[in-house]
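Working notes for the structure below.
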2 protein chains.
Amino acid sequence: MLDKGVETLDPPRLSDQLCFAAYAAAHAFGKAYREVLDPLGLTYPQYLVLLVLWEDGEMAVKDIGRRLHLDTGTLTPLLKRMEAAGLVRRKRSLDDERQVRVSVTGKGRDLKKPVADACEHVACTLELPPAKVEALRASLIEIVHSLGRR
Amino acid sequence: MLDKGVETLDPPRLSDQLCFAAYAAAHAFGKAYREVLDPLGLTYPQYLVLLVLWEDGEMAVKDIGRRLHLDTGTLTPLLKRMEAAGLVRRKRSLDDERQVRVSVTGKGRDLKKPVADACEHVACTLELPPAKVEALRASLIEIVHSLGRR
DNA sequence: CACGATTAAATTGTCCGCAACATAATTTTG
DNA sequence: CAAAATTATGTTGCGGACAATTTAATCGTG
């Protein structure tokens with residue numbers, strides 16, 4: 001018998017690991033976006049913050065964190081850098097002083113078109129049929145939920 | 001006409017972004033693995049290093065970087081921490097003194113079984129048919145290559 | 001109203017990730 | 001063989017990412 005039995009379990013091979021594929025893909029995307037975002041003075045997470053602010057308008061730090069799955073330890077300094085760069089405004093909410101409301105400035109709004117172009121550029125280097133991209137995206141989100149429910 | 005014309009291009013919505021799905025999935029995996037690896041004194045990247053060393057035996061820092069898509073700015077301090085923890089050995093190659101050869105110690109080898117169990121545990125919380133997991137993995141790797149060729 | 005529980009941000013400490021640069025060893029080439 | 005180019009690693013600096021803790025504001029219940 002070639003069976004090793006249930007008591008000896010080998011660690012998986014790197015190339016078989018779905019988690020590593022996701023890890024590598026995220027890094028590859030990060031690198032691709034860095035190239036097009038750097039000229040705009042943006043990092044990838046900062047770009048994500050702009051996306052949600054453009055979509056939903058002014059919102060609390062907490063809400064940005066909920067959308068991006070990031071906590072305040074990441075967001076507070078990141079938002080301060082974006083504020084220093086003149087891209088967003090941060091001000092305490094009047095009716096709940098625990099909250100800091102974040103909104104995009106004019107300068108931040110001006111990035112909308114150049115950023116949209118940059119995204120198009122990355123999407124093009126990735127020559128995959130839109131249907132496949134969408135299926136892949138949906139599967140990944142399903143995994144996020146599955147791991148989150150744990 | 002509702003057409004906005006080619007000159008105005010909106011930024012994509014966060015939820016449509018494949019890159020964000022990959023980013024979120026990688027973080028979700030990282031979080032899931034952190035829970036099972038932390039009791040073993042390992043971080044996720046350190047776990048990846050052990051995987052490649054278990055597979056290929058002693059190898060140079062450069063080769064680990066090639067497998068994991070990481071550069072020396074990340075690996076050198078990471079490997080020093082693993083050496084300090086007694087998990088790996090680092091020594092200059094005799095026939096090429098530019099290289100640092102990395103190998104697993106006995107203590108590192110002892111983690112093989114507990115780590116294999118930990119992986120099984122994460123794989124289980126992810127209740128997806130193996131065929132789907134494999135298809136997903138292959139697609140992600142394809143994307144990594146596609147973005148890398150750019 | 002008061003006091004304990006909850007919530008939102010901020011802070012601290014540790015680790016990853018990478019660009020840019022430095023150093024030393026090896027290889028290539030004139 | 002010597003100078004130039006290349007290669008492998010290390011270092012520095014900056015920006016995430018997150019656990020754990022702190023502080024201040026708000027809410028809930030008696």
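In the structure tokens, chains take letters A, B, ... by order of appearance, with residues numbered from 1 within each chain and ligands from 1 in the order shown.
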
Check: Contacts of DT23 of chain D at 10 Å or less, counting only C-alpha atoms (C1' of nucleotides), minus same-chain residues fewer than 3 places along, as a list in words?
Finding: DA9, DA10 and DT11 of chain C

Counting only C-alpha atoms (C1' of nucleotides), which residues of chain C sit at most 12 Å from some atom of chain A, and what is each one's closest atom pair with its distance in Å to one decimal, listed by chain and rising residue number, as a tab-separated table?
residue	atom	partner	partner_atom	distance
C:DT7	C1'	A:Arg98	CA	8.2
C:DA8	C1'	A:Arg98	CA	5.0
C:DA9	C1'	A:Arg98	CA	6.9
C:DA10	C1'	A:Thr76	CA	7.3
C:DT11	C1'	A:Gly73	CA	8.2
C:DT12	C1'	A:Gly73	CA	9.7
C:DG13	C1'	A:Gly73	CA	11.4
C:DC16	C1'	A:His27	CA	11.9
C:DG17	C1'	A:His27	CA	9.1
C:DC18	C1'	A:Lys31	CA	9.4
C:DA19	C1'	A:Arg34	CA	11.3

Using the selection just defined, write its residues with N, CA, C and O atoms (P, O5', C5', C4', C3', O3' and C1' of nucleotides) as an mmCIF file, in the first residue's frame.
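Saved to selection36.cif:
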data_model
loop_
_atom_site.group_PDB
_atom_site.id
_atom_site.type_symbol
_atom_site.label_atom_id
_atom_site.label_comp_id
_atom_site.auth_asym_id
_atom_site.auth_seq_id
_atom_site.Cartn_x
_atom_site.Cartn_y
_atom_site.Cartn_z
ATOM 1 P P DT C 7 -21.585 48.014 20.790
ATOM 2 O "O5'" DT C 7 -20.945 49.393 20.316
ATOM 3 C "C5'" DT C 7 -21.751 50.561 20.280
ATOM 4 C "C4'" DT C 7 -20.890 51.754 19.950
ATOM 5 C "C3'" DT C 7 -19.903 51.516 18.811
ATOM 6 O "O3'" DT C 7 -20.172 52.446 17.769
ATOM 7 C "C1'" DT C 7 -18.854 52.570 20.668
ATOM 8 P P DA C 8 -19.235 52.441 16.443
ATOM 9 O "O5'" DA C 8 -18.237 53.635 16.765
ATOM 10 C "C5'" DA C 8 -18.733 54.961 16.828
ATOM 11 C "C4'" DA C 8 -17.570 55.933 16.737
ATOM 12 C "C3'" DA C 8 -16.582 55.631 15.601
ATOM 13 O "O3'" DA C 8 -16.232 56.865 14.968
ATOM 14 C "C1'" DA C 8 -15.452 55.547 17.700
ATOM 15 P P DA C 9 -15.339 56.873 13.629
ATOM 16 O "O5'" DA C 9 -14.062 57.653 14.130
ATOM 17 C "C5'" DA C 9 -13.424 57.176 15.246
ATOM 18 C "C4'" DA C 9 -12.457 58.181 15.816
ATOM 19 C "C3'" DA C 9 -11.113 58.216 15.078
ATOM 20 O "O3'" DA C 9 -10.522 59.497 15.225
ATOM 21 C "C1'" DA C 9 -10.907 57.086 17.185
ATOM 22 P P DA C 10 -9.077 59.835 14.509
ATOM 23 O "O5'" DA C 10 -8.026 59.405 15.635
ATOM 24 C "C5'" DA C 10 -8.045 60.079 16.881
ATOM 25 C "C4'" DA C 10 -7.028 59.454 17.815
ATOM 26 C "C3'" DA C 10 -5.621 59.280 17.225
ATOM 27 O "O3'" DA C 10 -4.709 59.916 18.109
ATOM 28 C "C1'" DA C 10 -6.350 57.281 18.264
ATOM 29 P P DT C 11 -3.151 60.003 17.837
ATOM 30 O "O5'" DT C 11 -2.523 58.785 18.661
ATOM 31 C "C5'" DT C 11 -2.879 58.620 20.031
ATOM 32 C "C4'" DT C 11 -2.172 57.409 20.604
ATOM 33 C "C3'" DT C 11 -0.739 57.187 20.110
ATOM 34 O "O3'" DT C 11 0.070 56.963 21.263
ATOM 35 C "C1'" DT C 11 -2.004 55.202 19.867
ATOM 36 P P DT C 12 1.689 56.943 21.162
ATOM 37 O "O5'" DT C 12 2.029 55.392 21.287
ATOM 38 C "C5'" DT C 12 1.407 54.629 22.304
ATOM 39 C "C4'" DT C 12 1.830 53.182 22.201
ATOM 40 C "C3'" DT C 12 3.245 52.953 21.657
ATOM 41 O "O3'" DT C 12 3.868 51.970 22.467
ATOM 42 C "C1'" DT C 12 1.681 51.721 20.387
ATOM 43 P P DG C 13 5.468 51.684 22.359
ATOM 44 O "O5'" DG C 13 5.493 50.240 21.681
ATOM 45 C "C5'" DG C 13 4.678 49.204 22.226
ATOM 46 C "C4'" DG C 13 4.696 48.000 21.297
ATOM 47 C "C3'" DG C 13 6.048 47.770 20.598
ATOM 48 O "O3'" DG C 13 6.326 46.379 20.616
ATOM 49 C "C1'" DG C 13 4.341 47.933 18.993
ATOM 50 P P DC C 16 7.120 38.982 9.357
ATOM 51 O "O5'" DC C 16 6.564 39.889 8.157
ATOM 52 C "C5'" DC C 16 5.422 39.440 7.533
ATOM 53 C "C4'" DC C 16 4.791 40.496 6.677
ATOM 54 C "C3'" DC C 16 5.350 40.537 5.250
ATOM 55 O "O3'" DC C 16 4.236 40.578 4.418
ATOM 56 C "C1'" DC C 16 5.297 42.711 6.142
ATOM 57 P P DG C 17 4.278 40.080 2.956
ATOM 58 O "O5'" DG C 17 4.823 41.378 2.213
ATOM 59 C "C5'" DG C 17 3.876 42.346 1.789
ATOM 60 C "C4'" DG C 17 4.599 43.454 1.069
ATOM 61 C "C3'" DG C 17 5.697 43.006 0.102
ATOM 62 O "O3'" DG C 17 5.290 43.388 -1.196
ATOM 63 C "C1'" DG C 17 6.379 44.859 1.444
ATOM 64 P P DC C 18 6.203 43.116 -2.476
ATOM 65 O "O5'" DC C 18 7.002 44.483 -2.663
ATOM 66 C "C5'" DC C 18 6.272 45.655 -2.954
ATOM 67 C "C4'" DC C 18 7.182 46.850 -2.864
ATOM 68 C "C3'" DC C 18 8.453 46.739 -3.726
ATOM 69 O "O3'" DC C 18 8.614 47.942 -4.420
ATOM 70 C "C1'" DC C 18 8.995 47.423 -1.573
ATOM 71 P P DA C 19 9.131 47.879 -5.925
ATOM 72 O "O5'" DA C 19 9.793 49.330 -6.083
ATOM 73 C "C5'" DA C 19 9.048 50.458 -5.675
ATOM 74 C "C4'" DA C 19 9.984 51.511 -5.115
ATOM 75 C "C3'" DA C 19 11.243 51.728 -5.958
ATOM 76 O "O3'" DA C 19 11.492 53.117 -6.057
ATOM 77 C "C1'" DA C 19 11.851 51.207 -3.725
#

Item checked: 12 Å contacts from chain D to chain B using only C-alpha atoms (C1' of nucleotides), as a list in words ->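 Interface list for chain D against chain B: DT7, DA8, DT9, DG10, DT11, DT12, DG13, DA17, DC18 and DA19 of chain D.
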
Would you save the residues from that selection as a PDB file, in the first residue's frame, using C-alpha atoms (C1' of nucleotides)?
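Contents of part_8.pdb, freshly written:
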ATOM      1  C1'  DT D   7      24.621  39.432  -9.170  1.00  0.00           C
ATOM      2  C1'  DA D   8      23.353  38.437  -4.109  1.00  0.00           C
ATOM      3  C1'  DT D   9      22.596  40.273  -0.032  1.00  0.00           C
ATOM      4  C1'  DG D  10      22.020  43.948   3.288  1.00  0.00           C
ATOM      5  C1'  DT D  11      20.215  48.655   4.869  1.00  0.00           C
ATOM      6  C1'  DT D  12      17.126  52.611   5.163  1.00  0.00           C
ATOM      7  C1'  DG D  13      12.925  54.814   4.883  1.00  0.00           C
ATOM      8  C1'  DA D  17      -1.888  45.868   8.346  1.00  0.00           C
ATOM      9  C1'  DC D  18      -3.388  44.450  12.686  1.00  0.00           C
ATOM     10  C1'  DA D  19      -3.590  43.171  17.806  1.00  0.00           C
TER      11       DA D  19
END

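The environment of DC3 of chain C within 12 Å, counting only C-alpha atoms (C1' of nucleotides) and disregarding residues fewer than 5 places along the same chain, consists of DC27, DG28, DT29 and DG30 of chain D.
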
Expected file contents, prior selection, C-alpha atoms (C1' of nucleotides), as an mmCIF file, in the first residue's frame:
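Saved file part02.cif follows:
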data_model
loop_
_atom_site.group_PDB
_atom_site.id
_atom_site.type_symbol
_atom_site.label_atom_id
_atom_site.label_comp_id
_atom_site.auth_asym_id
_atom_site.auth_seq_id
_atom_site.Cartn_x
_atom_site.Cartn_y
_atom_site.Cartn_z
ATOM 1 C "C1'" DC D 27 -26.347 54.778 25.345
ATOM 2 C "C1'" DG D 28 -29.096 51.760 28.524
ATOM 3 C "C1'" DT D 29 -30.995 50.577 32.571
ATOM 4 C "C1'" DG D 30 -32.160 51.050 37.159
#

Next item on the list: Restrict the distance test to only C-alpha atoms, flag each residue of chain A within 6 Å of chain B, and return the flagged residues as a list in words.
Entry: Asp10, Pro11, Leu18, Ala21, Ala22, Tyr23, Ala25, Ala26, Ala28, Ala116, Arg137, Leu140, Ile141 and Val144 of chain A

Mind dumping the selected residues with N, CA, C and O atoms as a PDB file, in the first residue's frame?
ATOM      1  N   ASP A  10       0.988  15.407   5.386  1.00  0.00           N
ATOM      2  CA  ASP A  10       2.037  16.291   4.876  1.00  0.00           C
ATOM      3  C   ASP A  10       1.519  17.709   4.708  1.00  0.00           C
ATOM      4  O   ASP A  10       0.352  17.904   4.399  1.00  0.00           O
ATOM      5  N   PRO A  11       2.408  18.692   4.881  1.00  0.00           N
ATOM      6  CA  PRO A  11       2.002  20.066   4.569  1.00  0.00           C
ATOM      7  C   PRO A  11       1.794  20.152   3.067  1.00  0.00           C
ATOM      8  O   PRO A  11       2.415  19.407   2.307  1.00  0.00           O
ATOM      9  N   LEU A  18      -4.448  27.598  -2.569  1.00  0.00           N
ATOM     10  CA  LEU A  18      -5.317  28.674  -3.042  1.00  0.00           C
ATOM     11  C   LEU A  18      -4.972  29.990  -2.338  1.00  0.00           C
ATOM     12  O   LEU A  18      -4.952  31.053  -2.956  1.00  0.00           O
ATOM     13  N   ALA A  21      -2.120  31.602  -4.026  1.00  0.00           N
ATOM     14  CA  ALA A  21      -2.530  32.179  -5.305  1.00  0.00           C
ATOM     15  C   ALA A  21      -3.192  33.538  -5.075  1.00  0.00           C
ATOM     16  O   ALA A  21      -2.932  34.505  -5.809  1.00  0.00           O
ATOM     17  N   ALA A  22      -4.027  33.631  -4.034  1.00  0.00           N
ATOM     18  CA  ALA A  22      -4.693  34.900  -3.719  1.00  0.00           C
ATOM     19  C   ALA A  22      -3.669  35.933  -3.256  1.00  0.00           C
ATOM     20  O   ALA A  22      -3.709  37.101  -3.667  1.00  0.00           O
ATOM     21  N   TYR A  23      -2.744  35.477  -2.418  1.00  0.00           N
ATOM     22  CA  TYR A  23      -1.671  36.322  -1.892  1.00  0.00           C
ATOM     23  C   TYR A  23      -0.837  36.875  -3.051  1.00  0.00           C
ATOM     24  O   TYR A  23      -0.592  38.079  -3.149  1.00  0.00           O
ATOM     25  N   ALA A  25      -1.682  37.035  -6.252  1.00  0.00           N
ATOM     26  CA  ALA A  25      -2.495  37.866  -7.142  1.00  0.00           C
ATOM     27  C   ALA A  25      -2.671  39.264  -6.556  1.00  0.00           C
ATOM     28  O   ALA A  25      -2.580  40.268  -7.269  1.00  0.00           O
ATOM     29  N   ALA A  26      -2.920  39.332  -5.250  1.00  0.00           N
ATOM     30  CA  ALA A  26      -3.090  40.634  -4.607  1.00  0.00           C
ATOM     31  C   ALA A  26      -1.813  41.459  -4.747  1.00  0.00           C
ATOM     32  O   ALA A  26      -1.862  42.658  -5.043  1.00  0.00           O
ATOM     33  N   ALA A  28       0.456  41.113  -7.110  1.00  0.00           N
ATOM     34  CA  ALA A  28       0.634  41.459  -8.521  1.00  0.00           C
ATOM     35  C   ALA A  28      -0.249  42.651  -8.888  1.00  0.00           C
ATOM     36  O   ALA A  28       0.194  43.566  -9.600  1.00  0.00           O
ATOM     37  N   ALA A 116      -9.697  57.014 -13.147  1.00  0.00           N
ATOM     38  CA  ALA A 116     -10.501  56.133 -13.996  1.00  0.00           C
ATOM     39  C   ALA A 116      -9.676  55.645 -15.188  1.00  0.00           C
ATOM     40  O   ALA A 116      -9.731  54.472 -15.559  1.00  0.00           O
ATOM     41  N   ARG A 137     -14.292  37.191  -9.657  1.00  0.00           N
ATOM     42  CA  ARG A 137     -14.558  38.174  -8.602  1.00  0.00           C
ATOM     43  C   ARG A 137     -15.601  37.641  -7.621  1.00  0.00           C
ATOM     44  O   ARG A 137     -15.415  37.687  -6.408  1.00  0.00           O
ATOM     45  N   LEU A 140     -14.232  34.915  -5.363  1.00  0.00           N
ATOM     46  CA  LEU A 140     -13.342  35.447  -4.328  1.00  0.00           C
ATOM     47  C   LEU A 140     -14.140  36.080  -3.197  1.00  0.00           C
ATOM     48  O   LEU A 140     -13.829  35.900  -2.018  1.00  0.00           O
ATOM     49  N   ILE A 141     -15.181  36.807  -3.557  1.00  0.00           N
ATOM     50  CA  ILE A 141     -16.014  37.443  -2.534  1.00  0.00           C
ATOM     51  C   ILE A 141     -16.721  36.381  -1.696  1.00  0.00           C
ATOM     52  O   ILE A 141     -16.857  36.501  -0.479  1.00  0.00           O
ATOM     53  N   VAL A 144     -14.278  35.253   0.799  1.00  0.00           N
ATOM     54  CA  VAL A 144     -14.130  36.237   1.866  1.00  0.00           C
ATOM     55  C   VAL A 144     -15.237  36.044   2.899  1.00  0.00           C
ATOM     56  O   VAL A 144     -14.984  36.021   4.098  1.00  0.00           O
TER      57      VAL A 144
END

Notebook entry, point to check: So which bits of chain B end up strand (DSSP E) when you DSSP the backbone, as number ranges by chain?
Noted result: B: 59-60, 88-92, 100-104

If you keep C-alpha atoms, can you produce a file of those selected residues as an mmCIF file, in the first residue's frame?
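Below you can see again-v6.cif, which holds the result:
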data_model
loop_
_atom_site.group_PDB
_atom_site.id
_atom_site.type_symbol
_atom_site.label_atom_id
_atom_site.label_comp_id
_atom_site.auth_asym_id
_atom_site.auth_seq_id
_atom_site.Cartn_x
_atom_site.Cartn_y
_atom_site.Cartn_z
ATOM 1 C CA MET B 59 18.261 27.152 -0.858
ATOM 2 C CA ALA B 60 19.553 30.702 -1.361
ATOM 3 C CA VAL B 88 16.139 28.081 10.149
ATOM 4 C CA ARG B 89 19.884 28.285 9.696
ATOM 5 C CA ARG B 90 21.613 30.905 7.496
ATOM 6 C CA LYS B 91 25.138 30.502 6.253
ATOM 7 C CA ARG B 92 27.236 31.972 3.447
ATOM 8 C CA VAL B 100 23.305 33.005 1.957
ATOM 9 C CA ARG B 101 22.029 29.428 2.047
ATOM 10 C CA VAL B 102 18.941 28.888 4.187
ATOM 11 C CA SER B 103 17.938 25.538 5.643
ATOM 12 C CA VAL B 104 15.407 24.245 8.171
#
